[in-house]
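J.: Starting off with a structure, shown below.
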Amino acid sequence: MIYLDSNATTQPAPEVVAALLPFLQEDWQNPSSAYLSARRVRDALAQARHSLARLLNAQPSEITFTSGGTESINAVHASVRALRPQLPRLVISGTEHPAVLESAQRWQQSGGEVTRVRVTRDGRVDLDHLRHCVQPGLTALVSLMWANNETGVIHPLAEITEIAHAAGAQVHTDAVQAAGKIPLDVHAVPVDFLSLSGHKFHAPKGIGALYISRKTRFSPLILGGGQEGGRRSGTENVPYIVGLGVAAESMRQSLTDGTADRVRQMRDHFEESLLSADPSIQRNGDPLHRLPTTSSLTFPGLEASEMLILLDKAGLCCSAGSACHSASVHPSHVLEAMGHDARHAASTLRFSFSRLNTHEETQTAAGLITQAAAKLRELAADSTGPVTHG
Ligand code: PLP
C-alpha cells in the first residue's frame, strides 16, 4: 500500500507508540491521585504539555488537552458566545472544516450572526473583505483556519489577527492541518485560541489540544472534576497525551532538521512528474502559500470517483476533492467557495504526504496515477467513438 492521505489521518509514528505503551501497562495510575506512583504519570503529563507549548512557542499553562480538533473548536465558539454575548457576530470563511461550519450554525441558532469572509480563487482570505466584515462593536470572534485540509492553502494569519484585534474581535484558528507542518508561533502571531489534533501528525486519533492565550478568558465546555486547570474536566487520557507530546517534539524537530524540506521536495517532484506526463492537470490553491504536504489536483474530463477506484485497486490511498455521501456526490464546499464549479470539483483528487513516505513510493504513485488517467481517457474515447454494428 502507498498511503498518500495523511490529511485524513497519519500513521502513528513508532516512537509515539513506544512512548505511550508504558502508560497502559505500568504507569496507569490516575494523575490526580496523591500517592507516589501517580507522580510519574503527573510528570509525564507535564512533559507532554511542555512539548506542545514548545511547538507553538506558548507557555505550558496555555495548553489544554482535549479529545481532538472538533472538541477544541466547539469549546472556543461556545466560550466566546457565552462570555461576549453583547457582540453577536462570528466571522468564518466558506472553506472551513465542518467542525467550524456546524459549530457556527449553533452560534446562529443561539441568536448570534455569522458572516462569511470571501476567499480568492487561490483559496486565501480576502483581507479587504475581512476589514469590512469585522465591524467594531459587533464582532466577538474571527475563526479562520491556518491551513486548509483539502488544498493546503495557508491563510495570512498575522494580518488576519491584526485586522481582527484592531476591531476588538478575538481570533481563533483551526490549526489542525498546519500544526507541526509549518512553524507556528503564537508570540509572532498573537491569536487568542488555537486548535490542533494529534492524529494529523502521527499521534493517535481522539487526542488534541487547545491553546488559550493567558490574556484571554475562557468558559469551559465540559464541567466536572476540574482537571486541566478547570478548563476541561474528565480524567486525562494519559497514554495518548504522552503520545501527542512525543509527536509534537518529533514534528518540531522535523521543521529544522531537513525532514520538512524533504517532504516538500517529494511533493514537488510528485507534482512535476504528473504535470510533465499530462500538462492539462491543474493545481488548486495558492502555489506560494501552500502546506508542503498537500497536493490538490484537477484532472479535466475525468471523474475523481472512477480514478479512486482504479487507484485503490493499484494499492494507492488518496481522496477525492469532493465528499461522497451514500449515492450522491456533493461538490467540495472548499473548491466551490474558491469559485470553481461542480465539474472541476468532481475531477479533483487530494494527495497528502508525511515524513513516513519515501521518494520512491511517491514516484511510483505518480506512475500509477498517470496510468489510471490514461486508462479512463481510453475508455471514454472508446465509448464516444463511432458505433459499429456487427
Ligand atoms: N479541522 C480540520 C482542518 C481538519 O482537517 C480536521 C480533521 O479532519 C478537523 C478540524 C477535526 O479534527 P478531529 O478529527 O481531531 O476532530
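Labeling convention for the C-alpha cells: chains A, B, ... as they appear, residues from 1 per chain, ligands from 1 in order of appearance.
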Kindly assemble as CSV a list of the chain A residues that lie within 10 Å of ligand 1, each paired with its nearest atom pair and their distance in Å to one decimal, using only C-alpha atoms and all ligand atoms, sorted first by chain and then by ascending residue number.
T.:
```
residue,atom,partner,partner_atom_place_in_ligand_line,distance
A:Ser6,CA,ligand 1,5 (O),10.0
A:Asn7,CA,ligand 1,5 (O),6.4
A:Ala8,CA,ligand 1,8 (O),5.7
A:Thr9,CA,ligand 1,8 (O),7.5
A:Thr66,CA,ligand 1,15 (O),9.2
A:Ser67,CA,ligand 1,15 (O),7.1
A:Gly68,CA,ligand 1,15 (O),3.7
A:Gly69,CA,ligand 1,12 (O),3.6
A:Thr70,CA,ligand 1,16 (O),3.7
A:Glu71,CA,ligand 1,16 (O),6.4
A:Ser72,CA,ligand 1,16 (O),8.1
A:Ile73,CA,ligand 1,10 (C),7.6
A:Asn74,CA,ligand 1,16 (O),9.9
A:Thr95,CA,ligand 1,3 (C),9.3
A:Glu96,CA,ligand 1,3 (C),6.9
A:His97,CA,ligand 1,1 (N),5.1
A:Pro98,CA,ligand 1,10 (C),7.4
A:Ala99,CA,ligand 1,10 (C),5.8
A:Val100,CA,ligand 1,1 (N),7.5
A:Leu144,CA,ligand 1,3 (C),9.8
A:Met145,CA,ligand 1,3 (C),6.7
A:Trp146,CA,ligand 1,3 (C),8.3
A:Ala147,CA,ligand 1,3 (C),7.0
A:Asn148,CA,ligand 1,3 (C),5.7
A:Asn149,CA,ligand 1,5 (O),4.7
A:Glu150,CA,ligand 1,5 (O),7.9
A:Gly152,CA,ligand 1,3 (C),9.4
A:Thr173,CA,ligand 1,1 (N),9.5
A:Asp174,CA,ligand 1,1 (N),5.8
A:Ala175,CA,ligand 1,3 (C),6.8
A:Val176,CA,ligand 1,2 (C),5.0
A:Gln177,CA,ligand 1,3 (C),5.3
A:Ala178,CA,ligand 1,3 (C),8.3
A:Ser195,CA,ligand 1,10 (C),8.0
A:Leu196,CA,ligand 1,15 (O),7.1
A:Ser197,CA,ligand 1,15 (O),4.5
A:Gly198,CA,ligand 1,15 (O),6.8
A:His199,CA,ligand 1,15 (O),6.6
A:Lys200,CA,ligand 1,7 (C),7.5
A:Pro204,CA,ligand 1,15 (O),9.7
A:Lys205,CA,ligand 1,15 (O),6.8
A:Gly206,CA,ligand 1,15 (O),6.2
A:Ile207,CA,ligand 1,15 (O),6.8
A:Gly208,CA,ligand 1,15 (O),6.3
A:Ala209,CA,ligand 1,15 (O),9.2
```
J.: Take the residues from that selection and write them out as a PDB file, in the first residue's frame, keeping C-alpha atoms.
T.:
```
ATOM      1  CA  SER A   6      -2.150  11.997   5.574  1.00  0.00           C
ATOM      2  CA  ASN A   7      -4.534  14.973   5.748  1.00  0.00           C
ATOM      3  CA  ALA A   8      -7.268  12.433   6.603  1.00  0.00           C
ATOM      4  CA  THR A   9      -5.111  10.814   9.265  1.00  0.00           C
ATOM      5  CA  THR A  66      -8.900  17.788  24.584  1.00  0.00           C
ATOM      6  CA  SER A  67     -10.285  14.877  22.560  1.00  0.00           C
ATOM      7  CA  GLY A  68      -9.198  16.482  19.271  1.00  0.00           C
ATOM      8  CA  GLY A  69      -9.743  19.272  16.785  1.00  0.00           C
ATOM      9  CA  THR A  70     -13.531  19.126  16.753  1.00  0.00           C
ATOM     10  CA  GLU A  71     -13.864  19.464  20.525  1.00  0.00           C
ATOM     11  CA  SER A  72     -11.314  22.288  20.695  1.00  0.00           C
ATOM     12  CA  ILE A  73     -13.151  24.261  18.008  1.00  0.00           C
ATOM     13  CA  ASN A  74     -16.593  23.768  19.582  1.00  0.00           C
ATOM     14  CA  THR A  95     -13.518  26.966   3.193  1.00  0.00           C
ATOM     15  CA  GLU A  96     -13.591  25.989   6.879  1.00  0.00           C
ATOM     16  CA  HIS A  97     -13.805  22.399   8.089  1.00  0.00           C
ATOM     17  CA  PRO A  98     -17.326  21.138   9.003  1.00  0.00           C
ATOM     18  CA  ALA A  99     -16.310  21.366  12.691  1.00  0.00           C
ATOM     19  CA  VAL A 100     -16.269  25.155  12.288  1.00  0.00           C
ATOM     20  CA  LEU A 144     -10.332  31.105  10.375  1.00  0.00           C
ATOM     21  CA  MET A 145      -8.177  28.073   9.681  1.00  0.00           C
ATOM     22  CA  TRP A 146      -4.406  28.399   9.493  1.00  0.00           C
ATOM     23  CA  ALA A 147      -4.201  25.901   6.603  1.00  0.00           C
ATOM     24  CA  ASN A 148      -6.857  24.181   4.565  1.00  0.00           C
ATOM     25  CA  ASN A 149      -7.364  20.411   4.682  1.00  0.00           C
ATOM     26  CA  GLU A 150      -8.318  19.998   1.004  1.00  0.00           C
ATOM     27  CA  GLY A 152      -3.253  23.040   1.864  1.00  0.00           C
ATOM     28  CA  THR A 173      -7.522  29.497  14.352  1.00  0.00           C
ATOM     29  CA  ASP A 174      -8.159  25.903  13.379  1.00  0.00           C
ATOM     30  CA  ALA A 175      -4.530  24.847  13.032  1.00  0.00           C
ATOM     31  CA  VAL A 176      -5.344  21.146  12.784  1.00  0.00           C
ATOM     32  CA  GLN A 177      -3.644  20.819   9.385  1.00  0.00           C
ATOM     33  CA  ALA A 178      -0.908  23.379   9.993  1.00  0.00           C
ATOM     34  CA  SER A 195      -6.965  24.198  17.936  1.00  0.00           C
ATOM     35  CA  LEU A 196      -4.885  21.187  16.966  1.00  0.00           C
ATOM     36  CA  SER A 197      -5.326  17.445  16.621  1.00  0.00           C
ATOM     37  CA  GLY A 198      -2.858  14.621  17.265  1.00  0.00           C
ATOM     38  CA  HIS A 199      -3.868  12.220  14.517  1.00  0.00           C
ATOM     39  CA  LYS A 200      -2.824  14.689  11.820  1.00  0.00           C
ATOM     40  CA  PRO A 204      -3.332   8.583  17.887  1.00  0.00           C
ATOM     41  CA  LYS A 205      -6.877   9.664  16.992  1.00  0.00           C
ATOM     42  CA  GLY A 206      -9.041  11.147  19.733  1.00  0.00           C
ATOM     43  CA  ILE A 207      -6.427  13.385  21.317  1.00  0.00           C
ATOM     44  CA  GLY A 208      -5.774  17.061  20.680  1.00  0.00           C
ATOM     45  CA  ALA A 209      -5.081  20.342  22.339  1.00  0.00           C
TER      46      ALA A 209
END
```
J.: If DSSP is run on the backbone, what residues of stretch 79-177 of chain A are helix (DSSP H, G or I)? A reply as an mmCIF file with N, CA and C atoms, in the first residue's frame would be ideal.
T.:
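Saved the output as out15.cif:
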```cif
data_model
loop_
_atom_site.group_PDB
_atom_site.id
_atom_site.type_symbol
_atom_site.label_atom_id
_atom_site.label_comp_id
_atom_site.auth_asym_id
_atom_site.auth_seq_id
_atom_site.Cartn_x
_atom_site.Cartn_y
_atom_site.Cartn_z
ATOM 1 N N SER A 79 -17.414 29.145 24.281
ATOM 2 C CA SER A 79 -16.887 30.031 25.318
ATOM 3 C C SER A 79 -17.060 31.498 24.914
ATOM 4 N N VAL A 80 -16.671 31.812 23.696
ATOM 5 C CA VAL A 80 -16.744 33.226 23.274
ATOM 6 C C VAL A 80 -18.201 33.684 23.220
ATOM 7 N N ARG A 81 -19.070 32.805 22.761
ATOM 8 C CA ARG A 81 -20.503 33.163 22.684
ATOM 9 C C ARG A 81 -21.043 33.451 24.096
ATOM 10 N N ALA A 82 -20.587 32.628 25.068
ATOM 11 C CA ALA A 82 -21.082 32.799 26.443
ATOM 12 C C ALA A 82 -20.505 34.048 27.098
ATOM 13 N N LEU A 83 -19.237 34.339 26.816
ATOM 14 C CA LEU A 83 -18.571 35.429 27.534
ATOM 15 C C LEU A 83 -18.723 36.793 26.867
ATOM 16 N N PRO A 98 -15.973 21.235 8.433
ATOM 17 C CA PRO A 98 -17.326 21.138 9.003
ATOM 18 C C PRO A 98 -17.368 21.386 10.518
ATOM 19 N N ALA A 99 -16.297 21.112 11.237
ATOM 20 C CA ALA A 99 -16.310 21.366 12.691
ATOM 21 C C ALA A 99 -16.579 22.841 12.959
ATOM 22 N N VAL A 100 -16.034 23.718 12.131
ATOM 23 C CA VAL A 100 -16.269 25.155 12.288
ATOM 24 C C VAL A 100 -17.636 25.528 11.694
ATOM 25 N N LEU A 101 -17.939 24.986 10.522
ATOM 26 C CA LEU A 101 -19.201 25.361 9.850
ATOM 27 C C LEU A 101 -20.410 24.956 10.697
ATOM 28 N N GLU A 102 -20.371 23.749 11.251
ATOM 29 C CA GLU A 102 -21.523 23.274 12.032
ATOM 30 C C GLU A 102 -21.611 24.004 13.376
ATOM 31 N N SER A 103 -20.468 24.238 13.978
ATOM 32 C CA SER A 103 -20.462 24.948 15.255
ATOM 33 C C SER A 103 -20.957 26.387 15.040
ATOM 34 N N ALA A 104 -20.638 26.957 13.880
ATOM 35 C CA ALA A 104 -21.114 28.312 13.564
ATOM 36 C C ALA A 104 -22.644 28.337 13.449
ATOM 37 N N GLN A 105 -23.198 27.222 12.992
ATOM 38 C CA GLN A 105 -24.671 27.158 12.898
ATOM 39 C C GLN A 105 -25.307 27.270 14.272
ATOM 40 N N ARG A 106 -24.636 26.633 15.253
ATOM 41 C CA ARG A 106 -25.174 26.699 16.609
ATOM 42 C C ARG A 106 -25.070 28.132 17.150
ATOM 43 N N TRP A 107 -23.991 28.801 16.767
ATOM 44 C CA TRP A 107 -23.817 30.219 17.146
ATOM 45 C C TRP A 107 -25.037 31.005 16.648
ATOM 46 N N GLN A 108 -25.411 30.717 15.414
ATOM 47 C CA GLN A 108 -26.549 31.419 14.810
ATOM 48 C C GLN A 108 -27.863 31.058 15.525
ATOM 49 N N GLN A 109 -28.004 29.749 15.811
ATOM 50 C CA GLN A 109 -29.236 29.304 16.482
ATOM 51 C C GLN A 109 -29.381 29.937 17.865
ATOM 52 N N LEU A 127 -8.420 39.923 2.399
ATOM 53 C CA LEU A 127 -8.219 40.767 3.588
ATOM 54 C C LEU A 127 -9.051 42.047 3.538
ATOM 55 N N ASP A 128 -9.273 42.591 2.333
ATOM 56 C CA ASP A 128 -10.110 43.800 2.244
ATOM 57 C C ASP A 128 -11.531 43.482 2.689
ATOM 58 N N HIS A 129 -12.005 42.316 2.262
ATOM 59 C CA HIS A 129 -13.355 41.928 2.672
ATOM 60 C C HIS A 129 -13.402 41.658 4.182
ATOM 61 N N LEU A 130 -12.298 41.098 4.711
ATOM 62 C CA LEU A 130 -12.253 40.846 6.155
ATOM 63 C C LEU A 130 -12.375 42.169 6.930
ATOM 64 N N ARG A 131 -11.665 43.199 6.444
ATOM 65 C CA ARG A 131 -11.743 44.519 7.120
ATOM 66 C C ARG A 131 -13.192 44.990 7.166
ATOM 67 N N HIS A 132 -13.919 44.712 6.116
ATOM 68 C CA HIS A 132 -15.320 45.110 6.025
ATOM 69 C C HIS A 132 -16.198 44.259 6.976
ATOM 70 N N CYS A 133 -15.841 42.979 7.116
ATOM 71 C CA CYS A 133 -16.676 42.050 7.918
ATOM 72 C C CYS A 133 -16.536 42.259 9.431
ATOM 73 N N LEU A 157 -2.383 34.540 8.569
ATOM 74 C CA LEU A 157 -2.895 34.641 9.941
ATOM 75 C C LEU A 157 -2.397 35.883 10.677
ATOM 76 N N ALA A 158 -1.171 36.339 10.363
ATOM 77 C CA ALA A 158 -0.648 37.526 11.053
ATOM 78 C C ALA A 158 -1.525 38.733 10.707
ATOM 79 N N GLU A 159 -1.809 38.903 9.429
ATOM 80 C CA GLU A 159 -2.643 40.040 9.006
ATOM 81 C C GLU A 159 -4.075 39.882 9.524
ATOM 82 N N ILE A 160 -4.578 38.662 9.463
ATOM 83 C CA ILE A 160 -5.948 38.402 9.941
ATOM 84 C C ILE A 160 -6.057 38.805 11.414
ATOM 85 N N THR A 161 -5.059 38.402 12.202
ATOM 86 C CA THR A 161 -5.084 38.683 13.643
ATOM 87 C C THR A 161 -5.014 40.192 13.897
ATOM 88 N N GLU A 162 -4.176 40.858 13.135
ATOM 89 C CA GLU A 162 -4.042 42.310 13.313
ATOM 90 C C GLU A 162 -5.368 43.027 13.001
ATOM 91 N N ILE A 163 -5.978 42.625 11.903
ATOM 92 C CA ILE A 163 -7.239 43.259 11.490
ATOM 93 C C ILE A 163 -8.333 42.988 12.537
ATOM 94 N N ALA A 164 -8.411 41.730 12.997
ATOM 95 C CA ALA A 164 -9.463 41.358 13.954
ATOM 96 C C ALA A 164 -9.263 42.088 15.283
ATOM 97 N N HIS A 165 -8.041 42.072 15.783
ATOM 98 C CA HIS A 165 -7.774 42.718 17.075
ATOM 99 C C HIS A 165 -8.029 44.217 17.006
ATOM 100 N N ALA A 166 -7.690 44.835 15.872
ATOM 101 C CA ALA A 166 -7.920 46.281 15.731
ATOM 102 C C ALA A 166 -9.409 46.613 15.841
#
```
J.: Find the distance between atom CA of A:Cys317 and atom CA of A:Met1 and write it in Å to one decimal.
T.: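 Atom-to-atom, atom CA of A:Cys317 to atom CA of A:Met1, that is 7.3 Å.
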J.: Where in stretch 152-298 of chain A does DSSP assign strand (DSSP E), given as a ChimeraX atom specification?
T.: /A:170-174,193-197,208-212,282-283,294-298
J.: Could you write out that same residue set with C-alpha atoms as a PDB file, in the first residue's frame?
T.:
```
ATOM      1  CA  GLN A 170     -10.833  37.789  19.330  1.00  0.00           C
ATOM      2  CA  VAL A 171      -9.145  35.306  16.996  1.00  0.00           C
ATOM      3  CA  HIS A 172      -9.432  31.537  16.903  1.00  0.00           C
ATOM      4  CA  THR A 173      -7.522  29.497  14.352  1.00  0.00           C
ATOM      5  CA  ASP A 174      -8.159  25.903  13.379  1.00  0.00           C
ATOM      6  CA  PHE A 193      -7.154  30.475  20.630  1.00  0.00           C
ATOM      7  CA  LEU A 194      -5.631  27.715  18.507  1.00  0.00           C
ATOM      8  CA  SER A 195      -6.965  24.198  17.936  1.00  0.00           C
ATOM      9  CA  LEU A 196      -4.885  21.187  16.966  1.00  0.00           C
ATOM     10  CA  SER A 197      -5.326  17.445  16.621  1.00  0.00           C
ATOM     11  CA  GLY A 208      -5.774  17.061  20.680  1.00  0.00           C
ATOM     12  CA  ALA A 209      -5.081  20.342  22.339  1.00  0.00           C
ATOM     13  CA  LEU A 210      -6.389  23.844  22.668  1.00  0.00           C
ATOM     14  CA  TYR A 211      -4.119  26.837  23.116  1.00  0.00           C
ATOM     15  CA  ILE A 212      -5.782  29.595  25.128  1.00  0.00           C
ATOM     16  CA  GLN A 282      -4.441  21.851 -12.772  1.00  0.00           C
ATOM     17  CA  ARG A 283      -3.063  22.574  -9.305  1.00  0.00           C
ATOM     18  CA  THR A 294      -0.629  18.719   0.245  1.00  0.00           C
ATOM     19  CA  SER A 295      -1.375  18.455  -3.444  1.00  0.00           C
ATOM     20  CA  SER A 296      -4.880  19.151  -4.757  1.00  0.00           C
ATOM     21  CA  LEU A 297      -5.000  18.302  -8.458  1.00  0.00           C
ATOM     22  CA  THR A 298      -7.780  18.537 -11.020  1.00  0.00           C
TER      23      THR A 298
END
```
J.: Between A:Gly315, A:Gly180, A:Pro14, A:Pro279, which one has atoms that come closest to A:Met251, using only C-alpha atoms?
T.: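 For A:Met251, the nearest of the given residues is A:Gly180.
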J.: Counting only C-alpha atoms, give me one row per residue of stretch 194-234 of chain A with an atom at most 12 Å from an atom of stretch 22-46 of chain A, showing the shortest contact pair and its distance in Å to one decimal, sorted by chain then residue number, as CSV.
T.:
```
residue,atom,partner,partner_atom,distance
A:Gly225,CA,A:Ser32,CA,10.0
A:Gly226,CA,A:Ser32,CA,10.4
A:Gln227,CA,A:Ser32,CA,8.3
A:Glu228,CA,A:Leu45,CA,10.2
A:Gly229,CA,A:Ser32,CA,11.7
A:Ser233,CA,A:Ser32,CA,11.9
A:Gly234,CA,A:Ser32,CA,10.8
```
J.: When you look at stretch 328-345 of chain A with a cut-off of 7 Å (counting only C-alpha atoms), what residues show up, excluding the ones that are within fewer than 6 positions of it in the same chain? I need them as an mmCIF file with C-alpha atoms, in the first residue's frame.
T.:
```cif
data_model
loop_
_atom_site.group_PDB
_atom_site.id
_atom_site.type_symbol
_atom_site.label_atom_id
_atom_site.label_comp_id
_atom_site.auth_asym_id
_atom_site.auth_seq_id
_atom_site.Cartn_x
_atom_site.Cartn_y
_atom_site.Cartn_z
ATOM 1 C CA GLY A 94 -16.608 29.208 3.305
ATOM 2 C CA THR A 95 -13.518 26.966 3.193
ATOM 3 C CA VAL A 119 -11.687 33.798 -0.282
ATOM 4 C CA THR A 120 -9.849 34.424 -3.540
ATOM 5 C CA ARG A 121 -9.743 31.908 -6.403
ATOM 6 C CA ASP A 122 -6.415 30.794 -4.908
ATOM 7 C CA GLY A 123 -8.214 29.985 -1.649
ATOM 8 C CA THR A 298 -7.780 18.537 -11.020
ATOM 9 C CA GLY A 321 -11.785 16.736 -3.527
ATOM 10 C CA SER A 322 -15.471 16.096 -3.073
#
```
